[in-house]
Amino acid sequence: MLNPIIPIWLMTIICILLLFVRRKGKIRYILQIIMILLLFVINLGISIPNGNVIVNDKKIDAKVLFVIDNTISMQALDGNHSTAKTRMSDLQRDCLKIINILDGAKFSVMSFNNEVTINCPYTDNSDHVKNVINSLSPVAHYYAKGSSMNVCKDVLKQDLERNAKAGGKTIVFFISDGEITNKSTLESFNECAENISNGAVLGYGTKEGAEMHVKQSWDGNNEQIIKENGTFPQKNAISKIDENNLKQIAEDLNISYWNMTEGKQLDEEIMLMKDDLEEKVVQTTAREYTNLSFIFVIPLLILLVIQIVDIKRRIV
């Protein structure tokens, strides 16, 4: 088994270049070639099988679905910790905390703006789910069509129905500021409730609201403040939490509503959810390997010492 430290193609180029830095004398050059070959072999990270080991993994018999509002309003600067924090950064932090507590379950991420996206199908790879959540960014301001939570209802219902057929519990975390700006009316989510075992609606934002800053370039050096339409001179648009909508969704889904901007403590609530879930130990067999690089390091160090002594003698 090979596990190179530096990509093999890059190490090949480095070794060839080192060969051109030729030392004077036939013996010295031969030793140089041997050192370069040893360096190349060490980089390969050669390993051999050393038997199998049994790994015990704790698994939770449940699926956890994050339904995340990814509209521009989630970039409003009224996060819980400082005015420099957005609602999105707050929800990302809270989602990672939920994943850590419920580690062993299968997680999925569904986000919505103009349309619904399944960012991550169900997986027990919690690190991958964390990366997906941390990489969420809203649709460009020019393409945004206003906020509405109705857009995710049908996809959520279908997802929950599939989970019900497969068996097991589904926990839903519906995450939003509750704001509707596309002149639509909030639809009922009642049809989704029967297939939800537990969960919560997590609300972000303040009643006073805040400006929304969105990136204009890929490197994030330039930011644009969203302006309010129909005003002259144009005023900065202010996004505010709409708890009525969030509480209505929570009631429809038959789950709790938590205002996260007011400093809701997740740990105790999520631990209570975990206590209701079945946890089991799953044994898997993994192959163990022994790295052989140390065998080639010793002669390389010996040759390196010889080279250093030789150079010092020539200098003296």
# chains A, B, ... in the order shown; residues from 1 in each chain; ligands from 1

$ residues_around --residues "A:Gly203" --least-positions-apart "2" --cutoff "12 Å" --atoms "only C-alpha atoms" --output "PyMOL selection string"
chain A and resi 68-69+74+79-80+87-88+90-91+94+173-179+200-201+205-207+240-250+256-264

$ select_by_dssp --residues "stretch 95-313 of chain A" --states "alpha helix (DSSP H)" --output "PyMOL selection string"
chain A and resi 95-101+126-134+153-166+190-193+243-253+266-275+293-313

$ residues_around --residues "stretch 151-157 of chain A" --least-positions-apart "5" --cutoff "10 Å" --atoms "only C-alpha atoms" --output "PyMOL selection string"
chain A and resi 65+67-69+110-118+162+172+187-196

$ write_last_selection --atoms "C-alpha atoms" --output "short mmCIF file (atom, residue, chain, number, x, y, z; two decimals), in the first residue's frame"
data_model
loop_
_atom_site.label_atom_id
_atom_site.label_comp_id
_atom_site.auth_asym_id
_atom_site.auth_seq_id
_atom_site.Cartn_x
_atom_site.Cartn_y
_atom_site.Cartn_z
CA LEU A 65 -32.48 16.50 8.59
CA VAL A 67 -33.66 22.37 6.56
CA ILE A 68 -31.73 25.62 6.24
CA ASP A 69 -32.89 29.01 5.00
CA MET A 110 -31.52 20.63 2.61
CA SER A 111 -31.26 24.36 1.89
CA PHE A 112 -33.66 26.74 0.18
CA ASN A 113 -33.62 30.17 -1.47
CA ASN A 114 -35.13 30.57 -4.94
CA GLU A 115 -35.32 26.79 -5.03
CA VAL A 116 -34.58 23.76 -2.86
CA THR A 117 -31.20 22.02 -2.90
CA ILE A 118 -30.25 18.71 -1.32
CA ARG A 162 -39.18 8.12 1.99
CA VAL A 172 -35.97 17.74 11.72
CA GLU A 187 -48.65 27.68 3.61
CA SER A 188 -49.45 24.94 6.09
CA PHE A 189 -46.77 22.32 6.82
CA ASN A 190 -49.26 20.00 8.54
CA GLU A 191 -48.79 17.22 5.98
CA CYS A 192 -45.15 16.83 7.03
CA ALA A 193 -45.84 16.36 10.74
CA GLU A 194 -46.84 12.69 10.80
CA ASN A 195 -43.39 11.51 9.70
CA ILE A 196 -41.36 13.65 12.13
#

$ residues_around --residues "stretch 40-50 of chain A" --least-positions-apart "5" --cutoff "9 Å" --atoms "only C-alpha atoms" --output "PyMOL selection string"
chain A and resi 1-8+11-12+15+35+287-297

$ closest_residue --among "A:Val21, A:Ile308, A:Cys95, A:Ile14" --to "A:Asp267" --atoms "only C-alpha atoms"
A:Cys95

$ atom_distance --atom1 "atom CA of A:Glu208" --atom2 "atom CA of A:Gln224"
20.7 Å
